[in-house]
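Data block for entry_29.cif (mmCIF, C-alpha atoms):
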data_protein
#
loop_
_atom_site.label_atom_id
_atom_site.label_comp_id
_atom_site.auth_asym_id
_atom_site.auth_seq_id
_atom_site.Cartn_x
_atom_site.Cartn_y
_atom_site.Cartn_z
CA MET A 980 38.06 118.62 22.74
CA GLU A 981 39.35 115.27 24.08
CA GLU A 982 39.87 114.68 27.76
CA THR A 983 40.25 111.42 29.70
CA VAL A 984 38.80 111.18 33.20
CA SER A 985 40.70 108.71 35.34
CA GLU A 986 40.14 110.09 38.86
CA PRO A 987 36.88 109.98 40.85
CA GLY A 988 34.99 113.14 41.74
CA LEU A 989 32.89 115.84 40.06
CA ASN A 990 33.57 116.29 36.38
CA PHE A 991 31.74 118.72 34.06
CA LYS A 992 31.44 118.63 30.30
CA LEU A 993 30.28 120.98 27.63
CA PRO A 994 27.22 119.97 25.60
CA TRP A 995 27.48 118.19 22.28
CA PRO A 996 29.08 118.76 19.76
CA VAL A 997 31.81 120.27 21.91
CA GLN A 998 32.24 117.28 24.26
CA ARG A 999 30.88 113.77 24.46
CA VAL A 1000 30.98 111.17 27.29
CA GLU A 1001 31.88 107.53 26.61
CA ILE A 1002 30.96 105.18 29.49
CA LEU A 1003 32.91 101.89 29.36
CA PRO A 1004 32.38 98.79 31.53
CA ILE A 1005 35.09 97.83 34.01
CA SER A 1006 33.85 94.26 34.48
CA THR A 1007 35.15 91.16 32.70
CA ASN A 1008 33.84 90.64 29.18
CA SER A 1009 33.46 87.44 27.14
CA LEU A 1010 34.20 86.95 23.46
CA ARG A 1011 32.98 83.81 21.67
CA VAL A 1012 34.52 82.38 18.54
CA GLY A 1013 32.60 79.75 16.56
CA TYR A 1014 29.19 80.29 18.17
CA VAL A 1015 26.90 82.93 19.68
CA GLU A 1016 24.80 82.58 22.81
CA GLU A 1017 21.71 84.78 23.23
CA ASP A 1018 19.04 84.30 25.88
CA GLY A 1019 20.32 80.82 26.63
CA GLU A 1020 20.17 79.72 23.01
CA VAL A 1021 23.36 78.73 21.22
CA THR A 1022 23.83 79.47 17.54
CA GLU A 1023 26.80 77.76 15.92
CA TYR A 1024 28.85 79.30 13.15
CA THR A 1025 30.10 76.24 11.33
CA ASP A 1026 32.16 78.18 8.82
CA GLU A 1027 33.95 80.07 11.58
CA ALA A 1028 34.46 77.00 13.74
CA LYS A 1029 35.65 74.71 10.94
CA MET A 1030 39.41 74.21 11.05
CA ILE A 1031 42.03 71.84 9.71
CA THR A 1032 44.60 70.14 11.95
CA GLY A 1033 48.27 69.51 11.37
CA ASP A 1034 47.57 65.95 10.18
CA GLU A 1035 45.00 67.25 7.62
CA ASN A 1036 41.82 66.40 9.49
CA ILE A 1037 38.78 68.67 9.74
CA LEU A 1038 37.08 69.51 13.05
CA PHE A 1039 34.90 72.17 14.66
CA ALA A 1040 36.38 74.13 17.57
CA ASP A 1041 34.61 76.74 19.76
CA LEU A 1042 36.47 79.14 22.02
CA VAL A 1043 35.66 81.66 24.78
CA VAL A 1044 38.00 84.54 25.67
CA GLN A 1045 37.76 86.45 28.96
CA TRP A 1046 39.08 90.02 28.60
CA ARG A 1047 38.97 93.40 30.30
CA ILE A 1048 39.59 97.05 29.36
CA THR A 1049 42.74 98.23 31.13
CA ASP A 1050 43.56 101.43 29.21
CA VAL A 1051 40.52 103.56 28.27
CA GLU A 1052 42.42 106.07 26.17
CA ARG A 1053 44.05 103.43 23.97
CA TYR A 1054 40.82 101.47 23.74
CA LEU A 1055 38.92 104.54 22.46
CA PHE A 1056 41.42 106.34 20.30
CA ASN A 1057 44.07 103.87 19.05
CA VAL A 1058 41.71 101.74 16.93
CA ASP A 1059 38.24 102.06 15.48
CA ASP A 1060 36.75 98.71 16.61
CA PRO A 1061 38.88 97.00 19.30
CA GLU A 1062 36.44 94.11 19.83
CA ARG A 1063 36.57 93.16 16.15
CA ILE A 1064 40.38 93.23 16.29
CA LEU A 1065 40.26 91.01 19.39
CA HIS A 1066 37.91 88.58 17.60
CA ASN A 1067 40.13 88.36 14.54
CA ALA A 1068 43.27 87.94 16.67
CA THR A 1069 41.57 85.15 18.67
CA SER A 1070 40.45 83.33 15.51
CA ALA A 1071 43.95 83.61 14.00
CA SER A 1072 45.61 82.35 17.18
CA LEU A 1073 43.21 79.39 17.47
CA ARG A 1074 43.62 78.39 13.83
CA GLY A 1075 47.38 78.66 14.07
CA VAL A 1076 47.56 76.37 17.09
CA ILE A 1077 45.03 73.85 15.69
CA GLY A 1078 46.84 73.84 12.36
CA SER A 1079 50.10 72.81 14.07
CA SER A 1080 48.55 70.15 16.33
CA LEU A 1081 47.40 66.58 15.75
CA ILE A 1082 43.72 65.79 15.86
CA ASP A 1083 44.23 63.15 18.55
CA ASP A 1084 45.91 65.69 20.83
CA VAL A 1085 43.13 68.24 20.38
CA LEU A 1086 40.33 65.73 21.00
CA THR A 1087 41.88 63.91 23.96
CA ASP A 1088 44.32 64.81 26.70
CA GLN A 1089 46.25 67.70 25.08
CA ARG A 1090 43.50 70.32 25.30
CA PRO A 1091 45.11 72.24 28.20
CA GLU A 1092 48.32 72.55 26.16
CA VAL A 1093 46.32 73.84 23.17
CA GLU A 1094 44.59 76.42 25.35
CA GLY A 1095 47.93 77.58 26.78
CA LYS A 1096 49.41 78.06 23.31
CA VAL A 1097 46.35 80.02 22.11
CA PHE A 1098 46.56 82.25 25.19
CA ASP A 1099 50.25 83.00 24.60
CA ASN A 1100 49.74 83.78 20.91
CA LEU A 1101 46.69 85.97 21.56
CA THR A 1102 48.42 87.90 24.35
CA GLY A 1103 51.35 88.63 22.05
CA LEU A 1104 49.07 89.94 19.30
CA ILE A 1105 47.07 92.18 21.66
CA ASP A 1106 50.24 93.66 23.12
CA ARG A 1107 51.50 94.37 19.59
CA TYR A 1108 48.23 96.04 18.53
CA ASP A 1109 48.17 98.18 21.73
CA ILE A 1110 44.38 98.48 21.93
CA GLY A 1111 44.09 98.84 25.74
CA ILE A 1112 42.74 95.30 26.32
CA THR A 1113 44.12 92.58 28.61
CA VAL A 1114 43.28 88.92 27.96
CA LEU A 1115 42.51 87.06 31.19
CA ASP A 1116 41.71 83.51 30.10
CA VAL A 1117 41.11 81.31 27.05
CA LYS A 1118 38.90 78.22 27.20
CA LEU A 1119 38.01 75.67 24.53
CA GLN A 1120 34.31 74.75 24.54
CA ASP A 1121 33.37 72.08 22.00
CA VAL A 1122 35.83 70.27 19.77
CA GLU A 1123 33.89 67.98 17.46
CA LEU A 1124 34.32 66.05 14.25
CA PRO A 1125 32.28 66.87 11.12
CA THR A 1126 30.40 63.53 10.68
CA GLU A 1127 28.77 61.06 13.05
CA GLU A 1128 30.83 58.10 11.87
CA VAL A 1129 34.11 59.91 12.36
CA ARG A 1130 32.90 61.22 15.71
CA ARG A 1131 32.01 57.69 16.84
CA ALA A 1132 35.42 56.38 15.75
CA PHE A 1133 37.26 59.06 17.67
CA THR A 1134 35.03 58.43 20.70
CA GLU A 1135 36.17 54.83 20.66
CA VAL A 1136 39.75 55.99 20.36
CA THR A 1137 39.26 58.28 23.36
CA ASP A 1138 37.74 55.45 25.40
CA ALA A 1139 40.65 53.21 24.47
CA ARG A 1140 43.14 55.85 25.54
CA GLU A 1141 41.38 56.36 28.85
CA GLU A 1142 41.38 52.60 29.42
CA ARG A 1143 45.08 52.51 28.54
CA LEU A 1144 45.78 55.23 31.10
CA THR A 1145 43.73 53.32 33.68
CA LYS A 1146 45.73 50.15 33.03
CA ILE A 1147 48.98 52.10 33.26
CA ASN A 1148 47.94 53.58 36.59
CA GLN A 1149 46.98 50.16 37.93
CA ALA A 1150 50.29 48.71 36.77
CA ASN A 1151 52.20 51.57 38.39
CA ARG A 1152 50.29 51.06 41.63
CA TYR A 1153 51.05 47.33 41.61
CA ARG A 1154 54.70 48.03 40.82
CA ASN A 1155 54.98 50.52 43.69
CA GLN A 1156 53.35 48.04 46.05
CA GLU A 1157 55.73 45.26 45.06
CA ILE A 1158 58.71 47.60 45.30
CA ASN A 1159 57.69 48.69 48.81
CA GLU A 1160 57.27 45.09 49.95
CA ALA A 1161 60.61 44.11 48.44
CA GLU A 1162 62.33 47.05 50.08
CA GLY A 1163 60.78 46.15 53.42
CA GLU A 1164 61.92 42.54 53.09
CA GLN A 1165 65.35 43.75 52.06
CA ASP A 1166 65.59 45.93 55.15
CA ALA A 1167 64.51 43.01 57.33
CA ILE A 1168 67.15 40.70 55.80
CA ILE A 1169 69.82 43.37 56.22
CA SER A 1170 68.82 43.89 59.85
CA ARG A 1171 68.99 40.15 60.57
CA ALA A 1172 72.34 39.91 58.81
CA GLU A 1173 73.72 42.81 60.80
CA GLY A 1174 72.49 41.21 64.01
CA GLN A 1175 74.13 37.89 63.12
CA ARG A 1176 77.32 39.70 62.18
CA ALA A 1177 77.40 41.54 65.50
CA GLU A 1178 76.69 38.27 67.36
CA ARG A 1179 79.49 36.42 65.58
CA ILE A 1180 81.91 39.28 66.15
CA GLU A 1181 81.16 39.36 69.86
CA ARG A 1182 81.41 35.56 70.09
CA ALA A 1183 84.76 35.65 68.28
CA ARG A 1184 85.99 38.34 70.62
CA GLY A 1185 84.89 36.26 73.61
CA ASP A 1186 86.64 33.17 72.23
CA ALA A 1187 89.77 35.23 71.58
CA SER A 1188 89.71 36.62 75.13
CA ARG A 1189 89.22 33.14 76.53
CA PHE A 1190 92.10 31.79 74.45
CA ASN A 1191 94.35 34.64 75.58
CA ALA A 1192 93.48 33.93 79.21
CA LEU A 1193 94.21 30.23 78.75
CA TYR A 1194 97.46 31.06 77.02
CA GLU A 1195 98.55 33.28 79.90
CA GLU A 1196 97.76 30.50 82.38
CA TYR A 1197 99.60 28.04 80.17
CA GLN A 1198 102.68 30.23 80.20
CA ASN A 1199 102.56 30.38 83.99
CA ASN A 1200 102.14 26.61 84.50
CA PRO A 1201 102.11 24.58 81.25
CA GLU A 1202 101.67 21.10 82.77
CA VAL A 1203 98.69 21.91 84.97
CA THR A 1204 97.00 23.85 82.24
CA ARG A 1205 97.57 21.04 79.74
CA GLN A 1206 96.04 18.45 82.08
CA ARG A 1207 93.06 20.69 82.80
CA LEU A 1208 92.46 21.26 79.11
CA VAL A 1209 92.58 17.50 78.50
CA LEU A 1210 90.04 16.87 81.27
CA GLU A 1211 87.72 19.60 80.02
CA THR A 1212 87.96 18.23 76.47
CA LEU A 1213 87.13 14.72 77.68
CA GLU A 1214 84.18 16.07 79.61
CA ASP A 1215 82.89 17.81 76.49
CA VAL A 1216 83.49 14.78 74.25
CA LEU A 1217 82.16 12.20 76.74
CA PRO A 1218 79.43 13.89 78.75
CA GLY A 1219 77.94 12.01 81.70
CA THR A 1220 80.92 9.59 81.96
CA ASP A 1221 82.56 8.70 85.28
CA ILE A 1222 86.06 10.10 85.50
CA PHE A 1223 88.87 8.28 87.36
CA ILE A 1224 92.36 9.52 88.07
CA LEU A 1225 94.85 6.61 87.94
CA ASP A 1226 98.25 6.40 89.57
CA SER A 1227 100.46 3.50 88.38
CA ASN A 1228 103.68 4.58 89.97
CA GLN A 1229 103.32 1.88 92.69
CA ASP A 1230 103.08 -1.84 92.24
CA THR A 1231 99.29 -1.81 92.41
CA VAL A 1232 97.10 0.51 90.38
CA ASN A 1233 95.26 2.95 92.58
CA TYR A 1234 92.43 5.04 91.23
CA LEU A 1235 90.43 7.86 92.61
CA PRO A 1236 86.73 7.82 91.61
CA LEU A 1237 85.78 11.46 91.27
CA ARG A 1238 82.11 10.96 90.36
CA PRO A 1239 81.21 8.97 93.54
CA MET A 1240 83.09 11.52 95.60
CA GLU A 1241 81.12 14.32 93.98
CA GLN A 1242 77.90 12.40 94.65
CA ARG A 1243 78.87 11.91 98.25
CA GLU A 1244 79.65 15.58 98.58
CA GLU A 1245 76.25 16.44 97.11
CA GLU A 1246 74.53 13.97 99.46
CA ALA A 1247 76.43 15.42 102.39
CA VAL A 1248 75.39 18.92 101.38
CA LEU A 1249 71.75 17.84 101.10
CA ALA A 1250 71.95 16.08 104.44
CA ASP A 1251 73.44 19.19 106.04
CA GLN A 1252 70.64 21.24 104.60
CA GLY A 1253 68.05 18.78 105.94
CA ARG A 1254 69.64 18.80 109.38
CA SER A 1255 69.78 22.57 109.37
CA ASN A 1256 66.06 22.65 108.53
CA ASP A 1257 65.31 20.15 111.33
CA SER A 1258 67.42 22.09 113.75
CA GLU A 1259 65.50 25.23 112.93
CA GLU A 1260 62.24 23.49 113.86
CA VAL A 1261 63.40 21.60 117.02
CA GLU A 1262 66.75 22.11 118.63
CA GLU A 1263 67.91 19.03 120.55
CA PRO A 1264 71.25 18.55 122.28
CA GLU A 1265 73.63 16.37 120.38
CA GLU A 1266 75.20 13.36 122.16
CA PRO A 1267 78.95 13.27 122.12
CA VAL A 1268 80.44 10.55 119.94
CA GLU A 1269 83.19 8.58 121.58
CA GLU A 1270 86.13 8.05 119.34
CA PRO A 1271 87.85 4.64 119.68
CA ASP A 1272 91.33 4.53 121.10
CA GLU A 1273 94.28 3.50 119.03
CA GLU A 1274 94.92 0.44 121.30
CA GLU A 1275 91.40 -0.93 120.69
CA LEU A 1276 91.80 -0.49 116.97
CA GLN A 1277 95.14 -2.35 117.05
CA GLU A 1278 93.62 -5.28 119.03
CA ASN A 1279 90.81 -5.62 116.52
CA VAL A 1280 93.32 -5.71 113.68
CA ASP A 1281 95.42 -8.45 115.46
CA GLU A 1282 92.33 -10.56 116.06
CA GLU A 1283 91.30 -10.39 112.38
CA GLU A 1284 94.74 -11.30 110.96
CA PRO A 1285 94.88 -15.03 112.06
CA ASP A 1286 91.49 -15.68 110.51
CA SER A 1287 92.64 -14.23 107.24
CA VAL A 1288 95.84 -16.35 107.42
CA GLU A 1289 93.88 -19.55 108.07
CA GLU A 1290 91.57 -18.78 105.19
CA ASP A 1291 94.59 -18.28 102.91
CA GLU A 1292 96.09 -21.64 103.99
CA GLN A 1293 92.83 -23.43 103.39
CA GLU A 1294 92.60 -21.92 99.94
CA GLU A 1295 96.16 -23.01 99.15
CA GLY A 1296 95.47 -26.58 100.35
CA GLY A 1297 92.41 -26.78 98.17
CA ASN A 1298 94.29 -25.53 95.19
CA SER A 1299 97.00 -28.10 95.72
#
Would you mind writing the structure in this file as structure tokens?
Amino acid sequence: MEETVSEPGLNFKLPWPVQRVEILPISTNSLRVGYVEEDGEVTEYTDEAKMITGDENILFADLVVQWRITDVERYLFNVDDPERILHNATSASLRGVIGSSLIDDVLTDQRPEVEGKVFDNLTGLIDRYDIGITVLDVKLQDVELPTEEVRRAFTEVTDAREERLTKINQANRYRNQEINEAEGEQDAIISRAEGQRAERIERARGDASRFNALYEEYQNNPEVTRQRLVLETLEDVLPGTDIFILDSNQDTVNYLPLRPMEQREEEAVLADQGRSNDSEEVEEPEEPVEEPDEEELQENVDEEEPDSVEEDEQEEGGNS
């Protein structure tokens, strides 16, 4: 009589040989291929661990499989020895993957890929056999070469590859640093160029506005605007030069010194400021200034004319 108990609670059985109880562990189990570990001591199975790679090299590979019973009925009744089937399937999967891989890949940086392939192949076989087991993880333990000389040579190869990866990482870090600095400098140059472009655009707009304003004034009064432009150009070309306005319409040339007049105006302004400061301190009454009459001015002019005439006659007599 066969009966599977899957629910908790009280369960009764008839004595043997009518019924029998099989107690199975629900924890995670480990299966080792290539070696056995008992009481902390490791015993290697060289014949089981010896394998040949895809490039026809011999090596020893050890493997650990983590598995668990997920279907008690299939585990007990579908096959006679499920653990032996799991062991054989694991060995076949490992040999198939090692046989299609290069020895350099297995010994160096391709071990995670080898483990992934073994896990996929083993999972497929267990699902096909339907033995009530689920594979949780596959882990390579020791992958070694058969002789010491070959092992030493491959160790040097491994060290060289690690050094190569280190150099590559250093070169990539230096490249990234240089790229970041170049990009930063590029952004700075672009920012300065954009600032100069905006400055030149605004300056051009200002010059255009100024020219339009001058042109409007020129249309209103061309002659005055032309003279003013000439004076401003002369002032820019000859800075600090005294400017005189000449008038040659009469017999004698009359000129108007603008710079002395501007200086006098500045002196008068400074004097007014000084007087205003003095007047703020002490206010004194100003004395009225008497203006001369026109008759007195005329008499002074008449008195000065004979002297000038006599001087002219004397100069003529001397010249003669």
List every residue of range 1046-1095 of chain A that has an atom at most 9 Å from any atom of range 993-1008 of chain A, giving for each one its closest atom pair and the distance in Å to one decimal, counting all atoms listed in the file, sorted by chain and then by ascending residue number, as JSON lines.
{"residue": "A:Trp1046", "atom": "CA", "partner": "A:Asn1008", "partner_atom": "CA", "distance": 5.3}
{"residue": "A:Arg1047", "atom": "CA", "partner": "A:Thr1007", "partner_atom": "CA", "distance": 5.0}
{"residue": "A:Ile1048", "atom": "CA", "partner": "A:Ile1005", "partner_atom": "CA", "distance": 6.5}
{"residue": "A:Thr1049", "atom": "CA", "partner": "A:Ile1005", "partner_atom": "CA", "distance": 8.2}
{"residue": "A:Val1051", "atom": "CA", "partner": "A:Leu1003", "partner_atom": "CA", "distance": 7.9}
{"residue": "A:Leu1055", "atom": "CA", "partner": "A:Glu1001", "partner_atom": "CA", "distance": 8.7}
Selection export as a PDB file, keeping the file's coordinate frame, atoms kept: C-alpha atoms:
ATOM      1  CA  TRP A1046      39.080  90.020  28.600  1.00  0.00           C
ATOM      2  CA  ARG A1047      38.970  93.400  30.300  1.00  0.00           C
ATOM      3  CA  ILE A1048      39.590  97.050  29.360  1.00  0.00           C
ATOM      4  CA  THR A1049      42.740  98.230  31.130  1.00  0.00           C
ATOM      5  CA  VAL A1051      40.520 103.560  28.270  1.00  0.00           C
ATOM      6  CA  LEU A1055      38.920 104.540  22.460  1.00  0.00           C
TER       7      LEU A1055
END
Practice problem: Specify as a PyMOL selection string each residue included when the PyMOL selection byres ((chain A and resi 1044) around 8) is applied to this file. | Solution: chain A and resi 1009-1011+1042-1043+1045-1046+1069+1114-1118
Exercise. Calculate how many Å separate CA of Val1097 in chain A from CA of Ser1072 in chain A, rounding to one decimal.
Key: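 Atom-to-atom, CA of Val1097 in chain A to CA of Ser1072 in chain A, that is 5.5 Å.
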Practice problem: Give me the result of the PyMOL selection byres ((chain A and resi 1107-1110) around 8) on this file, residue by residue, as a list of chain:residue names. | Solution: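 For this structure, the PyMOL selection byres ((chain A and resi 1107-1110) around 8) resolves to A:Asp1050, A:Arg1053, A:Tyr1054, A:Asn1057, A:Val1058, A:Pro1061, A:Gly1103, A:Leu1104, A:Ile1105, A:Asp1106, A:Gly1111, A:Ile1112.
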Practice problem: Identify which of the residues A:Gln1120, A:Asn1199, A:Ser1079, A:Thr1022 lies closest to Asp1041 in chain A, counting all atoms listed in the file when measuring atom-to-atom distances. | Solution: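 The answer is A:Gln1120, which sits nearest to Asp1041 in chain A.
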Do a neighbour search on range 1128-1134 of chain A at 10 Å with only C-alpha atoms, toss out local chain neighbours closer than 2 positions, and write the hits as a PDB file with C-alpha atoms, in the frame of the given file.
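So the final result, stored in around-v2.pdb, reads:
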ATOM      1  CA  LEU A1038      37.080  69.510  13.050  1.00  0.00           C
ATOM      2  CA  ILE A1082      43.720  65.790  15.860  1.00  0.00           C
ATOM      3  CA  ASP A1083      44.230  63.150  18.550  1.00  0.00           C
ATOM      4  CA  LEU A1086      40.330  65.730  21.000  1.00  0.00           C
ATOM      5  CA  THR A1087      41.880  63.910  23.960  1.00  0.00           C
ATOM      6  CA  GLU A1123      33.890  67.980  17.460  1.00  0.00           C
ATOM      7  CA  LEU A1124      34.320  66.050  14.250  1.00  0.00           C
ATOM      8  CA  PRO A1125      32.280  66.870  11.120  1.00  0.00           C
ATOM      9  CA  THR A1126      30.400  63.530  10.680  1.00  0.00           C
ATOM     10  CA  VAL A1136      39.750  55.990  20.360  1.00  0.00           C
ATOM     11  CA  THR A1137      39.260  58.280  23.360  1.00  0.00           C
ATOM     12  CA  ASP A1138      37.740  55.450  25.400  1.00  0.00           C
ATOM     13  CA  ALA A1139      40.650  53.210  24.470  1.00  0.00           C
ATOM     14  CA  ARG A1140      43.140  55.850  25.540  1.00  0.00           C
TER      15      ARG A1140
END
Self-check item: Atom pair CA of Ile1147 in chain A / CA of Val1093 in chain A: separation (Å)
Solution: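 Computed distance, CA of Ile1147 in chain A to CA of Val1093 in chain A, equals 24.1 Å.
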Quiz item: So how far away is CA of Ile1180 in chain A from CA of Leu1193 in chain A, in Å?
Solution: 19.8 Å
Practice problem: Taking the file above as input, evaluate the PyMOL selection byres ((chain A and resi 1027-1036) around 6) and report the hits as a PyMOL selection string. | Solution: chain A and resi 1013+1024-1026+1037-1040+1077-1082
